[in-house]
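J.: Have a look at this one.
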Amino acid sequence: MWTKTLFIIITAAALGCSATGNGQQQRNMGGALSATIADGAGKTLYFNRFTNNAPAAIDSVVLDANGKGSMQLPALPMDFYALTISGGKDLMVLLLDSTESLSVAAKADSISIPTSLEGSVNTALLQGYFTHSRAFDRQRNAFVERLNANPQDTAAMAQLNAISMGFNDHTKGFVQDHIASPAVLAALNRLDIRTEMPLFSQAREALRNVMPNSAYYASFNEQVGRAEQQAQGAKLQEEQQAQLDNLLPIGSVAPDFSQNSPDGKPIKLSSLRGKVVLIDFWASWCRPCRMENPNVKRVYDRFHNKGFEIIGVSLDRDKDAWTGAIAQDGLPWKHVSDLAFWNNAAAQLYGVSSIPYTVLLDREGKVIAKNLRGPALEARLAEVLK
């Protein structure tokens with residue numbers, strides 16, 4: 001969820017969570033709010049704004065014998081607010097500013113669901129989306145219960161998938177149709193930012209000047225920014241992998257290289273022709289590499305006598321750290337390094353941008369697989385070394 005605060009409000013509106021505070025009267029600065037709450041006679045109605053994830057009462061009124069009450073609100077920015085009632089367990093989410101005068105009606109025991117609402121376009125949009133969401137959640141829960149009772153109920157699964165797709169389409173349509181309304185923040189909370197990034201980015205720009213002082217918008221803006229950075233990072237990784245794939249296409253002869261072993265003797269990759277060879281790029285300081293070493297050792301022990309060899313290419317720069325890791329992890333295969341860290345000549349030749357990284361070669365020195373680890377490496381070797 002992109003913002004804990006908005007999630008709290010939306011969940012409370014949908015499921016019924018208490019949020020009340022002590023009233024603090026502030027008058028004659030903004031719009032008016034009038035309410036009629038069935039069975040609310042004598043109870044206190046609070047108008048709250050969430051600050052630092054906690055509800056703070058802006059104003060309150062004791063409802064009369066007919067459950068009616070009104071407040072003259074202070075000047076307010078466009079933001080999410082809430083109505084709660086003393087002794088109640090839920091809240092009504094509002095989305096308004098000082099330019100609007102809101103009139104609402106509800107029942108005291110279900111204040112989250114207004115029976116009538118006038119005067120606030122954004123609140124009406126928000127509550128309309130909540131109504132649709134509650135209907136979907138009831139349907140979904142019914143199908144989930146059927147599937148829990150009978151996992152083989154294919155009809156229930158098909159219906160669940162159909163209504164889920166329909167709700168997802170409705171939610172995206174709601175955002176697209178009302179992109180300049182803060183109500184879309186509630187709808188976006190039901191979508192996956194990883195698959196709907198353009199829609200999230202569009203909403204961020206549309207709302208930038210609509211609610212600039214809102215903590216919810218600030219959280220949303222941060223979430224979209226983080227997701228964009230992650231997407232850019234993933235795209236860069238894909239591009240690097242594509243470059244690596246082009247550099248070492250499957251079936252091509254692996255580039256030859258020669259580096260020194262720990263005792264100072266040069267070892268050429270081509271000297272291992274006739275064996276199935278795993279080039280293992282690693283380093284003593286690479287925790288994932290060290291964690292993978294037991295798996296590599298297991299496959300080495302299983303297949304070495306069948307013609308399997310490993311040449312470990314270390315991206316270390318400290319010889320003692322390198323040789324110490326070899327001894328500590330008990331790695332019996334061939335090891336080389338030029339102690340040049342990320343500038344290791346073999347790593348540069350093979351386009352290595354992250355470790356651990358492996359290249360598997362057949363007996364003729366041709367590339368047959370890349371970046372295999374754990375069970376995947378063991379399974380492929382079982383195929384090659386039958």
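Order determines the names: the first chain of the structure tokens is A, the second B, and so forth; residues in each chain are numbered 1 upward, and ligands are numbered 1 upward as they are shown.
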May I have all residues of region 311-360 of chain A that DSSP, computed from the backbone, assigns to alpha helix (DSSP H), given as a ChimeraX atom specification?
T.: /A:319-329,345-349
J.: Atoms to include: C-alpha atoms. Write the selected residues as a short mmCIF file (atom, residue, chain, number, x, y, z; two decimals), in the first residue's frame.
T.:
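This went into result_31.cif:
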data_model
loop_
_atom_site.label_atom_id
_atom_site.label_comp_id
_atom_site.auth_asym_id
_atom_site.auth_seq_id
_atom_site.Cartn_x
_atom_site.Cartn_y
_atom_site.Cartn_z
CA LYS A 319 44.90 -11.80 -2.24
CA ASP A 320 44.65 -12.87 1.40
CA ALA A 321 40.88 -12.28 1.42
CA TRP A 322 40.57 -14.27 -1.81
CA THR A 323 42.62 -17.26 -0.73
CA GLY A 324 41.11 -17.14 2.75
CA ALA A 325 37.58 -17.45 1.30
CA ILE A 326 38.69 -20.39 -0.87
CA ALA A 327 40.03 -22.20 2.18
CA GLN A 328 37.13 -21.26 4.45
CA ASP A 329 34.45 -22.39 1.97
CA ALA A 345 39.95 -8.41 -17.30
CA ALA A 346 37.92 -11.60 -17.68
CA ALA A 347 34.86 -10.00 -16.08
CA GLN A 348 35.20 -7.07 -18.48
CA LEU A 349 35.56 -9.46 -21.42
#
J.: Report the residues of region 199-291 of chain A whose backbone DSSP state falls under strand (DSSP E or B), written as a list in words.
T.: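 DSSP on the backbone gives strand (DSSP E or B) at Val253, Ser258, Gln259, Asn260, Pro266, Ile267, Lys268, Val276, Val277, Leu278, Ile279, Asp280, Phe281 and Trp282 of chain A.
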J.: Those same residues, written as a short mmCIF file (atom, residue, chain, number, x, y, z; two decimals), in the first residue's frame with N, CA and C atoms?
T.:
data_model
loop_
_atom_site.label_atom_id
_atom_site.label_comp_id
_atom_site.auth_asym_id
_atom_site.auth_seq_id
_atom_site.Cartn_x
_atom_site.Cartn_y
_atom_site.Cartn_z
N VAL A 253 31.52 -19.61 -29.23
CA VAL A 253 32.71 -20.02 -28.49
C VAL A 253 33.04 -18.96 -27.46
N SER A 258 43.35 -15.68 -19.76
CA SER A 258 44.35 -16.32 -18.90
C SER A 258 44.61 -15.42 -17.70
N GLN A 259 44.50 -15.99 -16.50
CA GLN A 259 44.83 -15.25 -15.28
C GLN A 259 45.57 -16.21 -14.34
N ASN A 260 46.16 -15.62 -13.31
CA ASN A 260 46.99 -16.42 -12.41
C ASN A 260 46.17 -17.08 -11.30
N PRO A 266 49.77 -19.18 -14.38
CA PRO A 266 48.68 -18.80 -15.28
C PRO A 266 47.83 -20.02 -15.70
N ILE A 267 46.55 -19.81 -15.77
CA ILE A 267 45.63 -20.85 -16.24
C ILE A 267 44.81 -20.24 -17.37
N LYS A 268 44.83 -20.90 -18.54
CA LYS A 268 44.03 -20.43 -19.67
C LYS A 268 42.70 -21.19 -19.70
N VAL A 276 33.31 -30.22 -19.57
CA VAL A 276 32.20 -29.26 -19.39
C VAL A 276 32.64 -28.30 -18.29
N VAL A 277 32.68 -27.01 -18.60
CA VAL A 277 33.30 -26.03 -17.69
C VAL A 277 32.28 -24.99 -17.24
N LEU A 278 32.31 -24.71 -15.95
CA LEU A 278 31.53 -23.61 -15.39
C LEU A 278 32.49 -22.48 -15.03
N ILE A 279 32.33 -21.33 -15.69
CA ILE A 279 33.08 -20.13 -15.29
C ILE A 279 32.26 -19.44 -14.21
N ASP A 280 32.81 -19.34 -13.02
CA ASP A 280 32.08 -18.81 -11.87
C ASP A 280 32.72 -17.49 -11.43
N PHE A 281 32.06 -16.38 -11.75
CA PHE A 281 32.54 -15.07 -11.33
C PHE A 281 32.02 -14.80 -9.91
N TRP A 282 32.92 -14.52 -8.99
CA TRP A 282 32.55 -14.36 -7.59
C TRP A 282 33.57 -13.48 -6.90
#
J.: Which neighbours of Leu377 (chain A) fall inside 10 Å, counting only C-alpha atoms, when residues of the same chain fewer than 2 positions from it are skipped, and could you give them as an NGL selection string?
T.: :A and (278 or 295-296 or 299 or 358 or 360 or 369-375 or 379-382)
J.: Please, which residues in region 161-194 of chain A fall within 12 Å of region 218-228 of chain A when counting only C-alpha atoms, and what is the closest atom pair and distance in Å to one decimal for each, ordered by chain then residue number, as CSV?
T.:
residue,atom,partner,partner_atom,distance
A:Pro182,CA,A:Phe220,CA,10.9
A:Val184,CA,A:Phe220,CA,11.2
A:Leu185,CA,A:Phe220,CA,8.0
A:Ala186,CA,A:Phe220,CA,10.8
A:Leu188,CA,A:Phe220,CA,9.7
A:Asn189,CA,A:Phe220,CA,9.7
A:Asp192,CA,A:Ala227,CA,10.8
A:Ile193,CA,A:Ala227,CA,7.4
A:Arg194,CA,A:Ala227,CA,7.3
J.: Looking at A:Ala283, A:Leu361, A:Val175, A:Met165, which one is nearest to Asp338 (chain A), with distances taken over only C-alpha atoms?
T.: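 Using only C-alpha atoms, Asp338 (chain A) sits closest to A:Ala283.
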